[in-house]
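A.B. asks: Input my_file.tsv, format and content: TSV, C-alpha atoms.
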chain	number	residue	atom	x	y	z
A	1	MET	CA	0.00	0.00	0.00
A	2	GLU	CA	1.29	3.46	-0.92
A	3	PRO	CA	2.18	5.63	2.10
A	4	ILE	CA	-0.34	8.47	2.67
A	5	ARG	CA	2.42	11.09	2.44
A	6	GLU	CA	3.38	9.89	-1.04
A	7	THR	CA	-0.25	9.84	-2.10
A	8	MET	CA	-0.75	13.47	-1.00
A	9	LYS	CA	2.44	14.52	-2.76
A	10	ARG	CA	1.28	12.89	-5.98
A	11	VAL	CA	-2.15	14.55	-5.78
A	12	VAL	CA	-0.72	17.98	-4.99
A	13	ASN	CA	1.80	17.77	-7.83
A	14	ALA	CA	-0.79	16.64	-10.37
A	15	PRO	CA	-1.28	19.24	-13.17
A	16	SER	CA	-5.06	19.45	-12.61
A	17	PHE	CA	-4.67	20.22	-8.89
A	18	SER	CA	-1.95	22.76	-9.55
A	19	GLU	CA	-4.12	24.55	-12.11
A	20	ARG	CA	-7.10	24.67	-9.75
A	21	TYR	CA	-4.93	25.96	-6.93
A	22	ASP	CA	-3.42	28.67	-9.12
A	23	ALA	CA	-6.89	29.74	-10.27
A	24	MET	CA	-8.11	29.82	-6.66
A	25	LYS	CA	-5.06	31.80	-5.57
A	26	LYS	CA	-5.57	34.31	-8.40
A	27	GLU	CA	-9.25	34.73	-7.41
A	28	VAL	CA	-8.28	35.26	-3.77
A	29	LEU	CA	-5.54	37.81	-4.45
A	30	GLU	CA	-7.74	39.84	-6.81
A	31	HIS	CA	-10.59	40.12	-4.30
A	32	PRO	CA	-11.07	43.79	-3.25
A	33	GLY	CA	-11.33	42.90	0.43
A	34	VAL	CA	-8.15	40.85	0.36
A	35	LEU	CA	-6.29	43.54	-1.60
A	36	LYS	CA	-7.32	46.17	0.92
A	37	PHE	CA	-6.26	43.97	3.86
A	38	LEU	CA	-2.85	43.22	2.33
A	39	GLU	CA	-2.27	46.90	1.56
A	40	GLU	CA	-3.10	47.88	5.12
A	41	HIS	CA	-0.61	45.32	6.47
A	42	GLU	CA	2.02	45.39	3.74
A	43	GLU	CA	4.83	45.96	6.24
A	44	GLU	CA	3.77	43.00	8.39
A	45	ILE	CA	2.81	40.39	5.79
A	46	ASP	CA	5.26	38.69	3.41
A	47	GLY	CA	4.83	36.05	0.70
A	48	PRO	CA	5.13	33.00	2.96
A	49	THR	CA	2.53	34.48	5.35
A	50	VAL	CA	0.10	34.94	2.45
A	51	GLU	CA	0.77	31.41	1.24
A	52	LYS	CA	0.25	30.00	4.72
A	53	GLY	CA	-2.96	31.96	5.16
A	54	MET	CA	-4.42	31.08	1.75
A	55	GLY	CA	-7.04	28.84	3.35
A	56	LYS	CA	-8.30	31.68	5.57
A	57	LEU	CA	-8.25	34.11	2.67
A	58	TYR	CA	-10.36	31.74	0.58
A	59	GLU	CA	-12.74	31.23	3.50
A	60	TYR	CA	-13.10	35.01	3.60
A	61	ILE	CA	-13.89	35.54	-0.10
A	62	ASP	CA	-16.23	32.54	-0.26
A	63	GLN	CA	-18.71	34.23	2.07
A	64	SER	CA	-21.13	37.14	1.87
A	65	HIS	CA	-19.94	40.67	2.65
A	66	ASP	CA	-22.40	43.41	3.60
A	67	CYS	CA	-25.11	40.81	2.90
A	68	ASN	CA	-24.38	40.99	-0.85
A	69	LYS	CA	-25.00	37.25	-1.41
A	70	CYS	CA	-27.90	36.82	1.03
A	71	PRO	CA	-31.55	37.43	0.05
A	72	ASN	CA	-32.48	37.76	3.73
A	73	LEU	CA	-31.27	36.72	7.18
A	74	GLY	CA	-32.84	33.28	6.84
A	75	GLY	CA	-30.97	32.78	3.55
A	76	CYS	CA	-27.57	33.79	4.96
A	77	ILE	CA	-24.80	31.68	3.35
A	78	ASN	CA	-22.06	32.52	5.86
A	79	HIS	CA	-20.47	29.99	8.18
A	80	LEU	CA	-22.01	31.81	11.13
A	81	LYS	CA	-25.52	32.86	10.09
A	82	GLY	CA	-25.99	36.57	10.64
A	83	PHE	CA	-22.26	37.28	10.97
A	84	GLU	CA	-19.82	38.42	8.31
A	85	PRO	CA	-16.08	37.66	8.12
A	86	ASN	CA	-13.31	40.18	8.65
A	87	LEU	CA	-9.63	39.53	7.95
A	88	VAL	CA	-7.34	40.06	10.93
A	89	LEU	CA	-3.66	39.60	11.71
A	90	GLU	CA	-3.15	37.36	14.74
A	91	ARG	CA	0.42	36.89	16.00
A	92	GLY	CA	1.80	37.26	12.51
A	93	ASN	CA	-0.75	34.93	10.90
A	94	ILE	CA	-3.82	35.72	8.80
A	95	GLY	CA	-7.06	34.92	10.60
A	96	ILE	CA	-10.78	35.68	10.49
A	97	SER	CA	-13.05	37.34	13.03
A	98	TYR	CA	-16.83	37.56	12.70
A	99	THR	CA	-19.07	40.56	13.37
A	100	LYS	CA	-22.84	40.92	13.25
A	101	CYS	CA	-24.06	41.67	9.73
A	102	ARG	CA	-26.40	44.42	8.59
A	103	LEU	CA	-29.45	42.13	8.27
A	104	LYS	CA	-28.98	40.57	11.71
A	105	THR	CA	-28.43	44.00	13.25
A	106	ALA	CA	-31.70	45.20	11.71
A	107	GLU	CA	-33.52	42.06	12.91
A	108	ASP	CA	-32.12	42.38	16.44
A	109	ASN	CA	-33.09	46.06	16.54
A	110	LYS	CA	-36.59	45.16	15.42
A	111	ARG	CA	-36.91	42.52	18.14
A	112	HIS	CA	-35.57	44.94	20.73
A	113	ALA	CA	-38.06	47.58	19.61
A	114	SER	CA	-40.92	45.07	19.87
A	115	SER	CA	-39.85	44.20	23.41
A	116	LEU	CA	-40.27	47.85	24.38
A	117	ILE	CA	-43.96	47.86	23.49
A	118	HIS	CA	-46.33	46.08	25.85
A	119	SER	CA	-49.81	45.67	24.47
A	120	MET	CA	-52.80	44.92	26.65
A	121	TYR	CA	-55.69	43.59	24.55
A	122	MET	CA	-54.72	45.50	21.39
A	123	PRO	CA	-55.26	43.73	18.01
A	124	LYS	CA	-52.09	42.36	16.38
A	125	GLU	CA	-52.72	44.12	13.08
A	126	VAL	CA	-52.90	47.47	14.87
A	127	MET	CA	-49.64	46.76	16.70
A	128	ALA	CA	-47.83	46.48	13.36
A	129	ALA	CA	-48.72	50.08	12.42
A	130	ARG	CA	-46.05	52.38	11.01
A	131	ILE	CA	-46.12	56.15	10.59
A	132	GLU	CA	-45.05	55.92	6.96
A	133	ASN	CA	-48.15	53.79	6.19
A	134	PHE	CA	-50.59	56.27	7.73
A	135	GLU	CA	-52.74	57.46	4.83
A	136	LEU	CA	-52.80	61.24	4.64
A	137	ASP	CA	-55.44	63.63	3.39
A	138	ASP	CA	-56.47	67.16	4.41
A	139	ARG	CA	-58.77	65.90	7.20
A	140	ARG	CA	-56.11	63.66	8.75
A	141	LEU	CA	-53.24	66.14	8.44
A	142	PRO	CA	-53.75	68.00	11.78
A	143	ALA	CA	-53.46	64.76	13.77
A	144	PHE	CA	-50.42	63.68	11.78
A	145	ARG	CA	-48.73	67.04	12.39
A	146	ALA	CA	-49.43	66.83	16.14
A	147	VAL	CA	-47.88	63.35	16.25
A	148	ASP	CA	-44.91	64.48	14.21
A	149	GLU	CA	-44.32	67.40	16.56
A	150	PHE	CA	-44.36	65.08	19.58
A	151	LEU	CA	-41.89	62.71	17.94
A	152	GLU	CA	-39.62	65.58	16.89
A	153	LYS	CA	-39.30	66.62	20.54
A	154	SER	CA	-38.69	63.04	21.69
A	155	THR	CA	-35.00	62.14	21.72
A	156	GLY	CA	-34.92	59.29	24.24
A	157	PRO	CA	-36.39	57.84	27.44
A	158	ASP	CA	-35.22	60.83	29.48
A	159	SER	CA	-36.26	63.46	26.98
A	160	LEU	CA	-39.96	63.34	26.20
A	161	PRO	CA	-42.63	66.06	26.03
A	162	GLU	CA	-44.76	66.12	29.18
A	163	LYS	CA	-48.06	66.22	27.29
A	164	GLY	CA	-49.35	63.49	25.04
A	165	LEU	CA	-52.29	63.69	22.65
A	166	TYR	CA	-56.00	63.11	23.03
A	167	LEU	CA	-57.06	61.79	19.61
A	168	TYR	CA	-60.80	61.86	19.12
A	169	GLY	CA	-63.18	61.32	16.24
A	170	LYS	CA	-65.68	58.92	14.75
A	171	PHE	CA	-65.30	55.14	14.54
A	172	GLY	CA	-62.66	53.78	12.19
A	173	THR	CA	-60.72	56.96	11.42
A	174	GLY	CA	-57.39	55.43	12.47
A	175	LYS	CA	-56.96	56.57	16.07
A	176	SER	CA	-55.77	53.21	17.38
A	177	TYR	CA	-53.51	52.78	14.37
A	178	LEU	CA	-51.89	56.15	14.96
A	179	LEU	CA	-51.28	55.39	18.65
A	180	SER	CA	-49.55	52.14	17.73
A	181	ALA	CA	-47.49	53.85	15.03
A	182	VAL	CA	-46.27	56.38	17.61
A	183	ALA	CA	-45.36	53.54	19.99
A	184	ASN	CA	-43.30	51.88	17.26
A	185	GLU	CA	-41.49	55.14	16.51
A	186	LEU	CA	-40.72	55.66	20.21
A	187	ALA	CA	-39.36	52.12	20.47
A	188	GLU	CA	-36.72	53.08	17.89
A	189	ILE	CA	-35.27	55.50	20.46
A	190	ASN	CA	-35.56	53.01	23.35
A	191	VAL	CA	-38.73	54.44	24.87
A	192	LYS	CA	-40.99	51.85	26.52
A	193	THR	CA	-44.69	52.18	25.82
A	194	VAL	CA	-47.72	50.44	27.30
A	195	LEU	CA	-50.82	50.37	25.07
A	196	VAL	CA	-54.08	49.56	26.82
A	197	PHE	CA	-57.47	48.86	25.27
A	198	VAL	CA	-59.51	50.53	28.00
A	199	PRO	CA	-62.84	48.60	27.86
A	200	GLU	CA	-61.10	45.22	28.26
A	201	PHE	CA	-58.67	46.61	30.82
A	202	MET	CA	-61.51	47.85	33.04
A	203	ARG	CA	-63.23	44.46	32.86
A	204	GLU	CA	-60.00	42.78	33.94
A	205	MET	CA	-59.54	45.18	36.84
A	206	LYS	CA	-62.79	43.94	38.34
A	207	GLN	CA	-61.58	40.34	38.04
A	208	ALA	CA	-58.17	41.30	39.47
A	209	ILE	CA	-59.77	41.98	42.84
A	210	GLY	CA	-60.48	38.29	43.17
A	211	ASP	CA	-57.01	37.07	42.21
A	212	HIS	CA	-55.26	39.80	44.24
A	213	THR	CA	-53.41	41.29	41.23
A	214	LEU	CA	-55.26	44.61	41.09
A	215	GLN	CA	-52.57	46.78	42.67
A	216	GLU	CA	-49.80	45.13	40.69
A	217	LYS	CA	-51.57	45.80	37.38
A	218	ILE	CA	-52.42	49.40	38.24
A	219	GLU	CA	-48.80	50.03	39.30
A	220	TYR	CA	-47.49	48.61	36.04
A	221	VAL	CA	-49.75	50.76	33.88
A	222	LYS	CA	-49.43	54.00	35.80
A	223	LYS	CA	-45.60	53.92	35.80
A	224	ALA	CA	-45.11	53.29	32.06
A	225	ASP	CA	-42.63	55.62	30.34
A	226	VAL	CA	-45.40	56.39	27.85
A	227	LEU	CA	-48.96	55.23	28.42
A	228	MET	CA	-51.58	54.98	25.66
A	229	LEU	CA	-55.20	54.48	26.65
A	230	ASP	CA	-57.13	53.39	23.59
A	231	ASP	CA	-60.89	53.85	23.19
A	232	ILE	CA	-61.57	55.57	26.49
A	233	GLY	CA	-65.29	56.21	26.84
A	234	ALA	CA	-66.30	52.97	25.11
A	235	GLU	CA	-66.42	51.12	28.45
A	236	ALA	CA	-69.33	50.93	30.86
A	237	MET	CA	-67.66	53.00	33.56
A	238	SER	CA	-68.57	52.36	37.17
A	239	SER	CA	-67.79	54.85	39.92
A	240	TRP	CA	-65.12	52.45	41.18
A	241	THR	CA	-63.30	51.97	37.85
A	242	ARG	CA	-63.51	55.70	37.16
A	243	ASP	CA	-62.21	56.87	40.54
A	244	GLU	CA	-60.05	54.03	41.88
A	245	VAL	CA	-58.56	52.76	38.62
A	246	LEU	CA	-58.58	55.51	36.00
A	247	GLY	CA	-58.32	58.29	38.57
A	248	THR	CA	-55.37	56.65	40.34
A	249	ILE	CA	-53.49	56.09	37.09
A	250	LEU	CA	-54.05	59.62	35.78
A	251	HIS	CA	-53.26	61.28	39.11
A	252	TYR	CA	-49.89	59.53	39.32
A	253	ARG	CA	-48.98	60.38	35.73
A	254	MET	CA	-49.99	64.00	36.20
A	255	ALA	CA	-47.88	64.29	39.36
A	256	GLU	CA	-44.88	62.61	37.71
A	257	ARG	CA	-45.36	64.46	34.41
A	258	LEU	CA	-45.36	61.28	32.36
A	259	PRO	CA	-46.58	61.53	28.75
A	260	THR	CA	-49.99	59.98	28.22
A	261	PHE	CA	-51.91	59.43	24.99
A	262	MET	CA	-55.61	58.66	24.68
A	263	SER	CA	-58.03	57.90	21.90
A	264	SER	CA	-61.79	58.25	22.07
A	265	ASN	CA	-64.93	58.64	20.02
A	266	PHE	CA	-65.81	61.48	22.40
A	267	SER	CA	-64.56	65.05	22.53
A	268	TYR	CA	-63.53	66.41	25.94
A	269	SER	CA	-67.04	67.68	26.67
A	270	GLU	CA	-68.68	64.46	25.50
A	271	LEU	CA	-66.29	62.38	27.60
A	272	ALA	CA	-67.04	64.57	30.62
A	273	HIS	CA	-70.73	63.77	30.18
A	274	HIS	CA	-69.95	60.05	29.86
A	275	LEU	CA	-67.89	60.08	33.05
A	276	THR	CA	-70.53	62.01	34.96
A	277	TYR	CA	-73.05	59.15	35.00
A	278	SER	CA	-72.14	55.85	36.66
A	279	GLN	CA	-73.53	52.47	35.61
A	280	ARG	CA	-76.25	52.93	38.20
A	281	GLY	CA	-77.30	56.20	36.61
A	282	GLU	CA	-75.97	58.34	39.45
A	283	LYS	CA	-74.89	61.82	38.44
A	284	GLU	CA	-71.47	62.68	39.86
A	285	ASP	CA	-70.34	65.97	38.35
A	286	LEU	CA	-67.52	66.69	40.78
A	287	LYS	CA	-65.84	63.30	40.43
A	288	ALA	CA	-66.11	63.43	36.64
A	289	ALA	CA	-64.64	66.95	36.68
A	290	ARG	CA	-61.63	65.69	38.64
A	291	ILE	CA	-60.91	63.03	36.02
A	292	MET	CA	-61.33	65.52	33.18
A	293	GLU	CA	-58.97	67.97	34.87
A	294	ARG	CA	-56.28	65.28	34.85
A	295	ILE	CA	-56.98	64.33	31.24
A	296	GLU	CA	-56.79	67.94	30.11
A	297	THR	CA	-53.54	68.43	32.04
A	298	LEU	CA	-51.98	65.34	30.47
A	299	THR	CA	-53.10	65.71	26.85
A	300	VAL	CA	-53.64	68.06	23.93
A	301	PRO	CA	-56.94	67.40	22.10
A	302	VAL	CA	-56.61	66.69	18.37
A	303	LYS	CA	-59.53	65.68	16.18
A	304	LEU	CA	-58.89	62.89	13.68
A	305	GLU	CA	-61.44	63.12	10.92
A	306	GLY	CA	-62.00	61.02	7.83
A	307	GLU	CA	-64.01	58.11	6.51
A	308	ASN	CA	-64.51	54.85	8.37
A	309	ARG	CA	-61.57	52.73	7.16
A	310	ARG	CA	-62.88	49.60	8.83
A	311	ASN	CA	-65.51	49.40	6.09
A	312	LYS	CA	-62.86	49.33	3.35
Can you present the structure in this file as structure tokens?
C.D. replies:
Amino acid sequence: MEPIRETMKRVVNAPSFSERYDAMKKEVLEHPGVLKFLEEHEEEIDGPTVEKGMGKLYEYIDQSHDCNKCPNLGGCINHLKGFEPNLVLERGNIGISYTKCRLKTAEDNKRHASSLIHSMYMPKEVMAARIENFELDDRRLPAFRAVDEFLEKSTGPDSLPEKGLYLYGKFGTGKSYLLSAVANELAEINVKTVLVFVPEFMREMKQAIGDHTLQEKIEYVKKADVLMLDDIGAEAMSSWTRDEVLGTILHYRMAERLPTFMSSNFSYSELAHHLTYSQRGEKEDLKAARIMERIETLTVPVKLEGENRRNK
């Protein structure tokens, strides 16, 4: 049997292998990334070092750079999915280090942004809203401008306007969508937002008394960096939910000057009337006025007009 060393020597010295190796070497040394690396280290790298590192150099050129060979993150062709190779000099030898690629960075940022938005009973399709997809016309422009102004003044978790917006208008004009779009924009600058669908939230608060989670849930909502109360006024408000739940949340946020957004089918005056009468039909003007004072302190009213887009 022929010794393995002799076999390897015969294979390496074969004309076909030599031709393939020369072609591979030419491809490697003409690659822009390799040329740039060798130029940057021309005083440290000699011919034998290049020859010794040919395997690493080929590994480098055989992969995607700046995601140029990958249709998406799932289709990444690199040895480490989501990471691209970089040539490095390690103790006089050519090596490869890997750094997160553009597509993985974008995906990680998206996941991080999603983690900053906590939705309570909001529809999934609404949570995917983006400002750039908000359809504009003359009737919707004032609301869009108010949102844009808020976002312009928002530079991070510690730099937010004190007042949020009170978006009101008829059914289906896009109030919930716009709230979610703002939350997604804020997530891009690391601002945590809690979005709450008020009618369902109030129903759960009644149940929370029984499982002893009421205080915990109120604390979580009232201390959110940015709180968005969607569809306030659509719930059957009892004196207890109005005063002990909504009132507690709004009082804390007013005292701490935390930005709060709301959406409603009611204007301020219509909401005041709604809050005045409890489920039992009792008229409580003073208590309703206290809630409205907090709402008016926390928000700027902006009417969102337009056709009902839910019928489209």
A.B. asks: For Tyr220 (chain A), find every residue with an atom within 12 Å (counting all atoms listed in the file), except residues of its own chain fewer than 2 positions away, and show them as a list of chain:residue names.
C.D. replies: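 Non-adjacent residues within range: A:His118, A:Met120, A:Lys192, A:Thr193, A:Val194, A:Leu195, A:Val196, A:Thr213, A:Leu214, A:Gln215, A:Glu216, A:Lys217, A:Ile218, A:Lys222, A:Lys223, A:Ala224, A:Asp225, A:Val226, A:Leu227, A:Ile249, A:Tyr252, A:Arg253.
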A.B. asks: Residues of the last selection are to be written out with C-alpha atoms, as a compact mmCIF listing (two decimals), keeping the file's coordinate frame.
C.D. replies:
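Output below, filename part_18.txt:
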# COMPACT_ATOMS: atom_id res chain seq x y z
CA HIS A 118 -46.33 46.08 25.85
CA MET A 120 -52.80 44.92 26.65
CA LYS A 192 -40.99 51.85 26.52
CA THR A 193 -44.69 52.18 25.82
CA VAL A 194 -47.72 50.44 27.30
CA LEU A 195 -50.82 50.37 25.07
CA VAL A 196 -54.08 49.56 26.82
CA THR A 213 -53.41 41.29 41.23
CA LEU A 214 -55.26 44.61 41.09
CA GLN A 215 -52.57 46.78 42.67
CA GLU A 216 -49.80 45.13 40.69
CA LYS A 217 -51.57 45.80 37.38
CA ILE A 218 -52.42 49.40 38.24
CA LYS A 222 -49.43 54.00 35.80
CA LYS A 223 -45.60 53.92 35.80
CA ALA A 224 -45.11 53.29 32.06
CA ASP A 225 -42.63 55.62 30.34
CA VAL A 226 -45.40 56.39 27.85
CA LEU A 227 -48.96 55.23 28.42
CA ILE A 249 -53.49 56.09 37.09
CA TYR A 252 -49.89 59.53 39.32
CA ARG A 253 -48.98 60.38 35.73
A.B. asks: Around the point (-60.8, 62.9, 14.4), in the coordinates given by the file, pick out the residues reaching within 6 Å, counting only C-alpha atoms, and return them as a PyMOL selection string.
C.D. replies: chain A and resi 168-169+303-305
A.B. asks: For CA of His212 (chain A) and CA of Glu200 (chain A), determine how far apart the two atoms are, in Å to one decimal place.
C.D. replies: 17.9 Å
A.B. asks: Show which residues sit within 12 Å of Gly95 (chain A), as a list of chain:residue names. Count all atoms listed in the file, and ignore same-chain residues fewer than 4 positions away.
C.D. replies: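 Returned residues: A:Val34, A:Phe37, A:Thr49, A:Val50, A:Lys52, A:Gly53, A:Met54, A:Gly55, A:Lys56, A:Leu57, A:Tyr58, A:Glu59, A:Tyr60, A:Pro85, A:Asn86, A:Leu87, A:Val88, A:Leu89, A:Glu90, A:Arg91.
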A.B. asks: Do you have the CA of Asp138 (chain A)-CA of Leu271 (chain A) distance handy?
C.D. replies: 25.6 Å
A.B. asks: Go through region 201-262 of chain A and flag each residue having an atom no more than 6 Å from region 275-292 of chain A; for those, report the closest pair of atoms plus their distance in Å to one decimal, using all atoms listed in the file, ordered by chain and rising number, as a Markdown table.
C.D. replies:
| residue | atom | partner | partner_atom | distance |
| --- | --- | --- | --- | --- |
| A:Ser238 | CA | A:Ser278 | CA | 5.0 |
| A:Ser239 | CA | A:Ser278 | CA | 5.5 |
| A:Gly247 | CA | A:Ile291 | CA | 6.0 |
A.B. asks: Record the distance separating CA of Tyr21 (chain A) and CA of Gln63 (chain A), expressed in Å with one decimal.
C.D. replies: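 Here the two named atoms are 18.4 Å from each other.
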A.B. asks: Can you work out which one of A:Lys163, A:Phe197, A:Gly233, A:Tyr177 has the shortest atom-to-atom distance to Leu298 (chain A), counting only C-alpha atoms?
C.D. replies: A:Lys163
A.B. asks: Taking (-24.5, 32.3, 9.8) as a centre in this file's frame and 10 Å as the limit, can you find every polymer residue with an atom that close, using only C-alpha atoms, and give them as a list in words?
C.D. replies: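 Within the cut-off we find Gln63, Ser64, Leu73, Gly74, Gly75, Cys76, Ile77, Asn78, His79, Leu80, Lys81, Gly82, Phe83, Glu84, Tyr98, Lys100, Cys101 and Lys104 of chain A.
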A.B. asks: I'd like the contact shell of Ile189 (chain A) - 8 Å cut-off, only C-alpha atoms, skipping same-chain residues fewer than 2 positions apart - returned as a list of chain:residue names.
C.D. replies: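 Using only C-alpha atoms, the neighbours found are A:Thr155, A:Gly156, A:Pro157, A:Glu185, A:Leu186, A:Ala187, A:Val191.
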A.B. asks: A:Phe261, A:Ser154, A:Ala208, A:Ala146: which is nearest Leu179 (chain A), counting all atoms listed in the file?
C.D. replies: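 Among A:Phe261, A:Ser154, A:Ala208, A:Ala146, it is A:Phe261 that comes nearest to Leu179 (chain A).
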A.B. asks: Of the candidates A:Arg309, A:Arg294, A:Lys26, A:Arg203, which shows the shortest atom-to-atom distance to Ala255 (chain A), using all atoms listed in the file?
C.D. replies: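 Of the candidates, the smallest distance to Ala255 (chain A) is held by A:Arg294.
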